[in-house]
2 protein chains.
Amino acid sequence: MSRITIADVAKQAGVSTATVSRVINQTGPVAAQTAARVRETISELNYRPHTAAKTLASHRTNTIGLVFPQISGYYFAPLLRGIASTAGEYGFDLLIYSVQEGAAPRELDHYPIGDQNTDGLVVFTSGLPEQELRRLHQISFPVVLIHCTPPEGLAIPSVTIENKASARRLVDHLIEIHNRRHIAFLAGPQAHEDSYWREKGYREALETHGIAFDPELVGIGGFNEQIAQATVKTWIREGVQIDAIFAGDDDSATGALTALTQAGIYVPEDVALVGFDDIDLARYLNPPLTTVRAPVEQVGREAIQQLMHLIRTGEADLLTLLPTELVIRRSCGCN
Amino acid sequence: MSRITIADVAKQAGVSTATVSRVINQTGPVAAQTAARVRETISELNYRPHTAAKTLASHRTNTIGLVFPQISGYYFAPLLRGIASTAGEYGFDLLIYSVQEGAAPRELDHYPIGDQNTDGLVVFTSGLPEQELRRLHQISFPVVLIHCTPPEGLAIPSVTIENKASARRLVDHLIEIHNRRHIAFLAGPQAHEDSYWREKGYREALETHGIAFDPELVGIGGFNEQIAQATVKTWIREGVQIDAIFAGDDDSATGALTALTQAGIYVPEDVALVGFDDIDLARYLNPPLTTVRAPVEQVGREAIQQLMHLIRTGEADLLTLLPTELVIRRSCGCN
DNA sequence: GTGAAAGCGCTAACAC
DNA sequence: GTGTTAGCGCTTTCAC
């Protein structure tokens, strides 16, 4: 049962392998009649071109790679959906590699994904160490970053969402509509870019409204329910004066809500609460959570589009910022 | 900037390409000293073997393929995590293909994933049409199915979860502990295997307890919140007598809960409610939902393990059934 | 323990 | 419009 090759097809159809190749790839002219005969033979023989041979000969893998630090979180599925479907539309296959959680870091000289087996890479947040990123950049290998700024001096295109502006609008809303002045912020993990910009928006909103920034009111949320809950508990115990909480993401908002509720503090009457992300759960919380929605799937689509552009032309937009949208529910005090 | 090849390494290290290949793949004996020199040269030159060339020469892709009907749902991320991490542990790359939703069906003779570019496939539910499955089976290509029984006559290994037994235990619980006798079932989509077995478990529980099966009490849930809500609304309007609902999945349970609550019917006092899946939301519902938890990530791990076995030995277990676990909360009447 | 050389299945000049 | 053929970069006998 040895594999059927292009030579078999050529022989059976009474043409050369070059002609078969031409009809398959629609490269170069072939007489309509010949083409028809070849196509017939192909399906008769149930022939399928061997991907590796094609790649080796053409220097194109027709595959794009996706590197993920870990497969989890509410945004994973929609993001991958955007990426997979767009890649498919361009006729590209998708190779994915997710860094093993807690696994030993890969030896430098053997990442399973890269220029050896893809035409370009989409890298999510800190999926790849700076060194590998530099190497790829140096050999002009197409890479697009998602939710991540390139390291110093590397002009790598990136696509991400508008964090600052919507964080700011959210806090503006708290101040202007609901008259809150003592607004706490639950920060995400250290060095997390999304968290950084959300905090930035928070600070700008305060400043604009002449409210002094109080470092005491910035706590560790860790983009995590338990951590946020503990932090808010501490605030309550210590009697920190707060009339609103901007949680860095909806997970920490969920934890904050639990801490508040357990302490008999009413949301939004005593303390208004807002989050970021609009996870499924947000609308089921009690009260339903006011938050910000990001176009996650579209981030994936856009990343692939930029990557395709980069592969084809060598150029792409250095920064693509996708707009986010306020989702007003009841936890801020509305309704 | 032409690519560094094995020949460059060989030359620089003063050996033949065969020797370099041997140290890279640890195939065949090499003097320790020679090996060291070669390794040094490799990292000096920053050499990376070209995947396609390797594949072409060795007839092994070292890649496994994953076919998905669509990227969504609560189980997607953990399932993929199980698959990706296990594949990685075996040193395999992961190529994924998800059928475009609403896209025209692929031409028969060109699936982007298959024997041309992978060593084996994991297929989720109805990811691949029967015809392609038959073709692959015929050429003895390794395939493992997830959450899906192979078509008639094809002995393809599959791994899935215990639906029937836990559905039955759930309904037993409703009958024995909470004394319910008029238990409705919200079925999933037509021909959905999980739904089929869950209903089977439901029927068995009824039968065991001498409760006649009443077709009136089986409604369309569609594994969907809206559909389930509409169905339950209809039941209420028509005055169907019900003291419990077994929703085929948690999404339909959520819809059922909304319909019940809106009609002023108390859960669990008037009508007990149970679901299946244990989605994140389940514990946040009011009351928290009693349901069944499936080891989703482990399904992925197991599928890859079976596939690896199949690739290596040509054999695998025809059916792997992973146990599920009752998660008792308050919507059934407990506590 | 090591090297020479024949492919693996395809593409892409180039010639006709 | 079509055929010939030289690689693509690697693995793998087979000698030595």
# chains A, B, ... in the order shown; residues from 1 in each chain; ligands from 1

call {"tool": "residues_around", "arguments": {"residues": "D:DA15", "least_positions_apart": "3", "cutoff": "12 Å", "atoms": "only C-alpha atoms (C1' of nucleotides)", "output": "list in words"}}
result
DT2, DG3, DA4 and DA5 of chain C

call {"tool": "select_by_dssp", "arguments": {"residues": "stretch 93-256 of chain B", "states": "alpha helix (DSSP H)", "output": "PyMOL selection string"}}
result
chain B and resi 130-138+164-176+193-208+225-237+250-256

call {"tool": "residues_around", "arguments": {"residues": "B:Ala205", "least_positions_apart": "3", "cutoff": "10 Å", "atoms": "only C-alpha atoms (C1' of nucleotides)", "output": "ChimeraX atom specification"}}
result
/B:164-165,167-175,199-202,208-211,213

call {"tool": "residues_around", "arguments": {"residues": "A:Ala272", "least_positions_apart": "2", "cutoff": "12 Å", "atoms": "only C-alpha atoms (C1' of nucleotides)", "output": "PyMOL selection string"}}
result
chain A and resi 170-171+173-175+177-185+242-247+253+256-257+260-261+265-270+274-275+287-291+329-334

call {"tool": "residues_around", "arguments": {"residues": "D:DT5", "least_positions_apart": "2", "cutoff": "12 Å", "atoms": "only C-alpha atoms (C1' of nucleotides)", "output": "list in words"}}
result
Ser16, Thr17 and Ala18 of chain A; DT11, DA12, DA13, DC14 and DA15 of chain C; DG3 and DG7 of chain D

call {"tool": "write_last_selection", "arguments": {"atoms": "N, CA and C atoms (P, O5', C5', C4', C3', O3' and C1' of nucleotides)", "output": "CSV table (one decimal), in the first residue's frame"}}
result
chain,number,residue,atom,x,y,z
A,16,SER,N,3.0,14.8,-18.0
A,16,SER,CA,4.2,14.8,-17.2
A,16,SER,C,3.8,15.3,-15.8
A,17,THR,N,4.7,15.1,-14.8
A,17,THR,CA,4.4,15.5,-13.4
A,17,THR,C,4.2,17.0,-13.4
A,18,ALA,N,5.0,17.7,-14.2
A,18,ALA,CA,4.9,19.2,-14.2
A,18,ALA,C,3.4,19.6,-14.5
C,11,DT,P,3.8,20.5,-6.0
C,11,DT,O5',5.1,21.3,-6.3
C,11,DT,C5',5.6,22.1,-5.3
C,11,DT,C4',6.8,22.9,-5.8
C,11,DT,C3',6.5,23.9,-6.8
C,11,DT,O3',7.3,25.1,-6.5
C,11,DT,C1',8.1,22.4,-7.6
C,12,DA,P,6.9,26.5,-7.2
C,12,DA,O5',8.2,26.6,-8.2
C,12,DA,C5',9.5,26.4,-7.7
C,12,DA,C4',10.4,26.5,-8.8
C,12,DA,C3',10.0,27.6,-9.9
C,12,DA,O3',11.2,28.1,-10.5
C,12,DA,C1',10.1,25.5,-10.9
C,13,DA,P,11.3,29.6,-10.8
C,13,DA,O5',11.1,29.9,-12.3
C,13,DA,C5',11.7,29.3,-13.3
C,13,DA,C4',13.1,28.9,-13.3
C,13,DA,C3',13.8,29.1,-14.6
C,13,DA,O3',15.2,29.3,-14.5
C,13,DA,C1',13.2,26.8,-14.3
C,14,DC,P,16.0,30.0,-15.7
C,14,DC,O5',15.9,28.9,-16.9
C,14,DC,C5',16.5,27.6,-16.8
C,14,DC,C4',16.1,26.7,-17.9
C,14,DC,C3',16.0,27.4,-19.3
C,14,DC,O3',17.0,26.7,-20.1
C,14,DC,C1',14.1,26.0,-18.8
C,15,DA,P,17.2,27.2,-21.6
C,15,DA,O5',16.4,26.0,-22.4
C,15,DA,C5',16.8,24.7,-22.2
C,15,DA,C4',15.9,23.8,-22.9
C,15,DA,C3',15.7,24.1,-24.4
C,15,DA,O3',15.8,22.9,-25.1
C,15,DA,C1',13.6,24.0,-23.3
D,3,DG,P,3.0,16.4,-21.2
D,3,DG,O5',4.6,16.6,-21.3
D,3,DG,C5',5.2,16.3,-22.5
D,3,DG,C4',6.7,16.4,-22.4
D,3,DG,C3',7.3,15.5,-21.3
D,3,DG,O3',8.5,15.0,-21.8
D,3,DG,C1',7.9,17.8,-20.9
D,7,DG,P,21.2,21.2,-9.6
D,7,DG,O5',20.8,19.9,-8.7
D,7,DG,C5',20.6,20.1,-7.3
D,7,DG,C4',19.5,21.0,-7.0
D,7,DG,C3',19.1,21.0,-5.5
D,7,DG,O3',18.9,22.4,-5.0
D,7,DG,C1',17.2,20.4,-6.8

call {"tool": "residues_around", "arguments": {"residues": "D:DT12", "least_positions_apart": "2", "cutoff": "12 Å", "atoms": "only C-alpha atoms (C1' of nucleotides)", "output": "PyMOL selection string"}}
result
(chain B and resi 17-19+21-22+27-28+54+57-59) or (chain C and resi 4-8) or (chain D and resi 10+14)

call {"tool": "write_last_selection", "arguments": {"atoms": "C-alpha atoms (C1' of nucleotides)", "output": "short mmCIF file (atom, residue, chain, number, x, y, z; two decimals), in the first residue's frame"}}
result
data_model
loop_
_atom_site.label_atom_id
_atom_site.label_comp_id
_atom_site.auth_asym_id
_atom_site.auth_seq_id
_atom_site.Cartn_x
_atom_site.Cartn_y
_atom_site.Cartn_z
CA THR B 17 25.82 14.64 7.33
CA ALA B 18 25.00 11.10 8.37
CA THR B 19 26.86 11.60 11.60
CA SER B 21 21.81 13.20 11.70
CA ARG B 22 22.81 10.45 14.09
CA THR B 27 19.99 6.89 15.98
CA GLY B 28 23.08 4.81 15.62
CA LYS B 54 12.82 15.45 7.85
CA ALA B 57 12.93 11.50 4.27
CA SER B 58 11.65 9.69 7.31
CA HIS B 59 7.99 9.27 6.52
"C1'" DA C 4 28.93 8.03 0.40
"C1'" DA C 5 25.08 8.24 -1.95
"C1'" DA C 6 20.43 7.01 -3.15
"C1'" DG C 7 16.15 8.47 -2.61
"C1'" DC C 8 11.63 10.79 -0.21
"C1'" DC D 10 17.09 15.28 5.35
"C1'" DC D 14 25.43 -0.17 2.74
#

call {"tool": "atom_distance", "arguments": {"atom1": "atom CA of A:Leu307", "atom2": "atom CA of A:Glu162"}}
result
20.0 Å

call {"tool": "interface_residues", "arguments": {"of": "chain D", "to": "chain B", "cutoff": "8 Å", "atoms": "only C-alpha atoms (C1' of nucleotides)", "output": "PyMOL selection string"}}
result
chain D and resi 8-11

call {"tool": "write_last_selection", "arguments": {"atoms": "N, CA and C atoms (P, O5', C5', C4', C3', O3' and C1' of nucleotides)", "output": "PDB file, in the first residue's frame"}}
result
ATOM      1  P    DC D   8      19.416  22.801  -3.655  1.00  0.00           P
ATOM      2  O5'  DC D   8      18.130  22.716  -2.729  1.00  0.00           O
ATOM      3  C5'  DC D   8      17.067  23.654  -2.823  1.00  0.00           C
ATOM      4  C4'  DC D   8      15.928  23.151  -1.968  1.00  0.00           C
ATOM      5  C3'  DC D   8      16.395  22.518  -0.665  1.00  0.00           C
ATOM      6  O3'  DC D   8      16.273  23.488   0.371  1.00  0.00           O
ATOM      7  C1'  DC D   8      14.686  21.193  -1.768  1.00  0.00           C
ATOM      8  P    DG D   9      17.559  23.839   1.263  1.00  0.00           P
ATOM      9  O5'  DG D   9      17.534  22.670   2.340  1.00  0.00           O
ATOM     10  C5'  DG D   9      16.406  22.560   3.189  1.00  0.00           C
ATOM     11  C4'  DG D   9      16.457  21.225   3.893  1.00  0.00           C
ATOM     12  C3'  DG D   9      17.759  20.935   4.633  1.00  0.00           C
ATOM     13  O3'  DG D   9      17.413  20.462   5.912  1.00  0.00           O
ATOM     14  C1'  DG D   9      17.232  19.150   3.212  1.00  0.00           C
ATOM     15  P    DC D  10      18.448  20.060   7.015  1.00  0.00           P
ATOM     16  O5'  DC D  10      18.175  18.496   7.113  1.00  0.00           O
ATOM     17  C5'  DC D  10      16.937  18.057   7.617  1.00  0.00           C
ATOM     18  C4'  DC D  10      16.607  16.692   7.093  1.00  0.00           C
ATOM     19  C3'  DC D  10      17.382  15.548   7.722  1.00  0.00           C
ATOM     20  O3'  DC D  10      16.584  14.995   8.778  1.00  0.00           O
ATOM     21  C1'  DC D  10      17.090  15.283   5.349  1.00  0.00           C
ATOM     22  P    DT D  11      17.225  13.891   9.737  1.00  0.00           P
ATOM     23  O5'  DT D  11      16.972  12.552   8.901  1.00  0.00           O
ATOM     24  C5'  DT D  11      15.637  12.120   8.681  1.00  0.00           C
ATOM     25  C4'  DT D  11      15.642  10.824   7.907  1.00  0.00           C
ATOM     26  C3'  DT D  11      16.247   9.630   8.635  1.00  0.00           C
ATOM     27  O3'  DT D  11      15.432   8.520   8.313  1.00  0.00           O
ATOM     28  C1'  DT D  11      17.356   9.939   6.583  1.00  0.00           C
TER      29       DT D  11
END

call {"tool": "select_by_dssp", "arguments": {"residues": "stretch 263-331 of chain A", "states": "strand (DSSP E)", "output": "short mmCIF file (atom, residue, chain, number, x, y, z; two decimals) with N, CA and C atoms, in the first residue's frame"}}
result
data_model
loop_
_atom_site.label_atom_id
_atom_site.label_comp_id
_atom_site.auth_asym_id
_atom_site.auth_seq_id
_atom_site.Cartn_x
_atom_site.Cartn_y
_atom_site.Cartn_z
N ALA A 272 -20.11 50.73 44.82
CA ALA A 272 -20.35 50.36 43.43
C ALA A 272 -19.21 49.45 42.97
N LEU A 273 -19.51 48.58 42.02
CA LEU A 273 -18.49 47.63 41.57
C LEU A 273 -18.52 47.52 40.05
N VAL A 274 -17.35 47.61 39.43
CA VAL A 274 -17.27 47.40 37.99
C VAL A 274 -16.08 46.51 37.66
N THR A 291 -19.38 46.27 33.19
CA THR A 291 -18.03 45.88 32.81
C THR A 291 -17.69 46.40 31.41
N VAL A 292 -16.65 45.89 30.81
CA VAL A 292 -16.24 46.31 29.47
C VAL A 292 -16.09 45.07 28.60
N ARG A 293 -16.62 45.15 27.41
CA ARG A 293 -16.50 44.00 26.52
C ARG A 293 -15.45 44.23 25.45
N LEU A 319 0.91 48.74 15.18
CA LEU A 319 -0.02 48.60 16.31
C LEU A 319 -1.47 48.64 15.84
N THR A 320 -2.21 47.62 16.20
CA THR A 320 -3.65 47.62 15.92
C THR A 320 -4.37 47.59 17.25
N LEU A 321 -5.18 48.62 17.46
CA LEU A 321 -5.87 48.73 18.74
C LEU A 321 -7.37 48.59 18.48
N LEU A 322 -7.95 47.52 18.98
CA LEU A 322 -9.37 47.30 18.74
C LEU A 322 -10.23 47.94 19.84
N GLU A 325 -16.05 48.19 24.53
CA GLU A 325 -17.39 48.71 24.67
C GLU A 325 -17.88 48.59 26.11
N LEU A 326 -18.37 49.68 26.65
CA LEU A 326 -18.91 49.63 28.01
C LEU A 326 -20.20 48.82 28.05
N VAL A 327 -20.32 47.98 29.06
CA VAL A 327 -21.55 47.23 29.25
C VAL A 327 -22.12 47.62 30.60
#

call {"tool": "residues_around", "arguments": {"residues": "B:Gln306", "least_positions_apart": "2", "cutoff": "8 Å", "atoms": "only C-alpha atoms (C1' of nucleotides)", "output": "PDB file with N, CA and C atoms, in the first residue's frame"}}
result
ATOM      1  N   VAL B 144      -8.601   8.499  16.356  1.00  0.00           N
ATOM      2  CA  VAL B 144      -9.342   8.276  17.594  1.00  0.00           C
ATOM      3  C   VAL B 144     -10.494   9.268  17.640  1.00  0.00           C
ATOM      4  N   PRO B 157     -11.295   3.385  17.481  1.00  0.00           N
ATOM      5  CA  PRO B 157     -11.317   3.610  18.933  1.00  0.00           C
ATOM      6  C   PRO B 157     -11.973   4.944  19.250  1.00  0.00           C
ATOM      7  N   GLU B 302      -6.554  11.225  27.475  1.00  0.00           N
ATOM      8  CA  GLU B 302      -6.790   9.813  27.175  1.00  0.00           C
ATOM      9  C   GLU B 302      -6.831   9.578  25.664  1.00  0.00           C
ATOM     10  N   ALA B 303      -7.451  10.519  24.963  1.00  0.00           N
ATOM     11  CA  ALA B 303      -7.559  10.383  23.509  1.00  0.00           C
ATOM     12  C   ALA B 303      -6.171  10.331  22.883  1.00  0.00           C
ATOM     13  N   ILE B 304      -5.292  11.237  23.336  1.00  0.00           N
ATOM     14  CA  ILE B 304      -3.942  11.240  22.785  1.00  0.00           C
ATOM     15  C   ILE B 304      -3.200   9.968  23.153  1.00  0.00           C
ATOM     16  N   MET B 308      -1.540   7.549  20.483  1.00  0.00           N
ATOM     17  CA  MET B 308      -0.117   7.213  20.475  1.00  0.00           C
ATOM     18  C   MET B 308       0.068   5.701  20.430  1.00  0.00           C
ATOM     19  N   HIS B 309      -0.753   5.039  21.192  1.00  0.00           N
ATOM     20  CA  HIS B 309      -0.704   3.593  21.224  1.00  0.00           C
ATOM     21  C   HIS B 309      -1.029   3.036  19.838  1.00  0.00           C
ATOM     22  N   LEU B 310      -2.015   3.629  19.237  1.00  0.00           N
ATOM     23  CA  LEU B 310      -2.451   3.205  17.912  1.00  0.00           C
ATOM     24  C   LEU B 310      -1.337   3.425  16.884  1.00  0.00           C
ATOM     25  N   ALA B 316      -5.464  -0.151  19.896  1.00  0.00           N
ATOM     26  CA  ALA B 316      -5.945   0.731  20.950  1.00  0.00           C
ATOM     27  C   ALA B 316      -7.279   0.202  21.467  1.00  0.00           C
ATOM     28  N   ASP B 317      -7.669   0.665  22.642  1.00  0.00           N
ATOM     29  CA  ASP B 317      -8.962   0.237  23.184  1.00  0.00           C
ATOM     30  C   ASP B 317     -10.081   0.799  22.322  1.00  0.00           C
TER      31      ASP B 317
END

call {"tool": "interface_residues", "arguments": {"of": "chain B", "to": "chain A", "cutoff": "9 Å", "atoms": "only C-alpha atoms", "output": "MDAnalysis selection string"}}
result
chainID B and resid 1 42:43 46:56 61 70:74 76:78 80:81 84:85 88:89 91:101 108:110 112:113 115:117 139 280:281 284:285

call {"tool": "write_last_selection", "arguments": {"atoms": "C-alpha atoms", "output": "PDB file, in the first residue's frame"}}
result
ATOM      1  CA  MET B   1      20.452  34.710   4.439  1.00  0.00           C
ATOM      2  CA  ILE B  42      24.846  23.097  15.960  1.00  0.00           C
ATOM      3  CA  SER B  43      24.314  25.681  18.618  1.00  0.00           C
ATOM      4  CA  ASN B  46      22.013  28.119  15.433  1.00  0.00           C
ATOM      5  CA  TYR B  47      21.016  25.222  13.271  1.00  0.00           C
ATOM      6  CA  ARG B  48      17.460  23.884  13.195  1.00  0.00           C
ATOM      7  CA  PRO B  49      16.477  20.830  11.192  1.00  0.00           C
ATOM      8  CA  HIS B  50      13.977  21.549   8.472  1.00  0.00           C
ATOM      9  CA  THR B  51      10.766  19.813   9.425  1.00  0.00           C
ATOM     10  CA  ALA B  52       9.520  19.124   5.927  1.00  0.00           C
ATOM     11  CA  ALA B  53      12.801  17.619   4.787  1.00  0.00           C
ATOM     12  CA  LYS B  54      12.816  15.446   7.846  1.00  0.00           C
ATOM     13  CA  THR B  55       9.293  14.304   7.212  1.00  0.00           C
ATOM     14  CA  LEU B  56       9.902  13.616   3.568  1.00  0.00           C
ATOM     15  CA  THR B  61       5.475  13.881  10.508  1.00  0.00           C
ATOM     16  CA  GLN B  70     -16.477  24.310  15.970  1.00  0.00           C
ATOM     17  CA  ILE B  71     -14.460  26.161  18.526  1.00  0.00           C
ATOM     18  CA  SER B  72     -16.790  27.061  21.320  1.00  0.00           C
ATOM     19  CA  GLY B  73     -18.470  25.802  24.408  1.00  0.00           C
ATOM     20  CA  TYR B  74     -17.320  25.456  27.945  1.00  0.00           C
ATOM     21  CA  PHE B  76     -13.339  23.427  24.431  1.00  0.00           C
ATOM     22  CA  ALA B  77     -10.480  24.960  26.397  1.00  0.00           C
ATOM     23  CA  PRO B  78      -9.940  22.142  28.901  1.00  0.00           C
ATOM     24  CA  LEU B  80      -7.696  21.215  23.995  1.00  0.00           C
ATOM     25  CA  ARG B  81      -5.454  21.707  27.008  1.00  0.00           C
ATOM     26  CA  ALA B  84      -2.077  19.817  23.545  1.00  0.00           C
ATOM     27  CA  SER B  85      -0.162  19.068  26.705  1.00  0.00           C
ATOM     28  CA  GLY B  88       3.627  17.798  23.731  1.00  0.00           C
ATOM     29  CA  GLU B  89       4.722  15.250  26.294  1.00  0.00           C
ATOM     30  CA  GLY B  91       7.027  15.136  21.491  1.00  0.00           C
ATOM     31  CA  PHE B  92       4.343  15.620  18.895  1.00  0.00           C
ATOM     32  CA  ASP B  93       3.194  18.839  17.316  1.00  0.00           C
ATOM     33  CA  LEU B  94      -0.457  19.683  17.040  1.00  0.00           C
ATOM     34  CA  LEU B  95      -2.185  20.705  13.855  1.00  0.00           C
ATOM     35  CA  ILE B  96      -5.753  21.792  14.300  1.00  0.00           C
ATOM     36  CA  TYR B  97      -8.546  22.202  11.851  1.00  0.00           C
ATOM     37  CA  SER B  98     -11.981  23.404  12.706  1.00  0.00           C
ATOM     38  CA  VAL B  99     -14.765  23.144  10.246  1.00  0.00           C
ATOM     39  CA  GLN B 100     -15.938  26.608   9.331  1.00  0.00           C
ATOM     40  CA  GLU B 101     -19.363  27.166  10.701  1.00  0.00           C
ATOM     41  CA  LEU B 108     -13.999  15.404  -0.927  1.00  0.00           C
ATOM     42  CA  ASP B 109     -10.475  15.200  -2.125  1.00  0.00           C
ATOM     43  CA  HIS B 110      -8.915  17.913  -0.135  1.00  0.00           C
ATOM     44  CA  PRO B 112      -6.506  20.122   5.027  1.00  0.00           C
ATOM     45  CA  ILE B 113      -5.611  17.541   7.596  1.00  0.00           C
ATOM     46  CA  ASP B 115      -2.564  11.283   6.166  1.00  0.00           C
ATOM     47  CA  GLN B 116      -0.649  13.816   4.044  1.00  0.00           C
ATOM     48  CA  ASN B 117       0.495  15.833   6.993  1.00  0.00           C
ATOM     49  CA  ILE B 139      -5.651   2.846   4.626  1.00  0.00           C
ATOM     50  CA  ASP B 280     -18.602  27.720  35.661  1.00  0.00           C
ATOM     51  CA  LEU B 281     -21.911  29.406  35.960  1.00  0.00           C
ATOM     52  CA  TYR B 284     -23.453  30.956  40.793  1.00  0.00           C
ATOM     53  CA  LEU B 285     -27.014  30.308  39.803  1.00  0.00           C
TER      54      LEU B 285
END

call {"tool": "closest_residue", "arguments": {"among": "B:Thr254, B:Thr34, B:Thr41, B:Thr125", "to": "chain C", "atoms": "only C-alpha atoms (C1' of nucleotides)"}}
result
B:Thr34
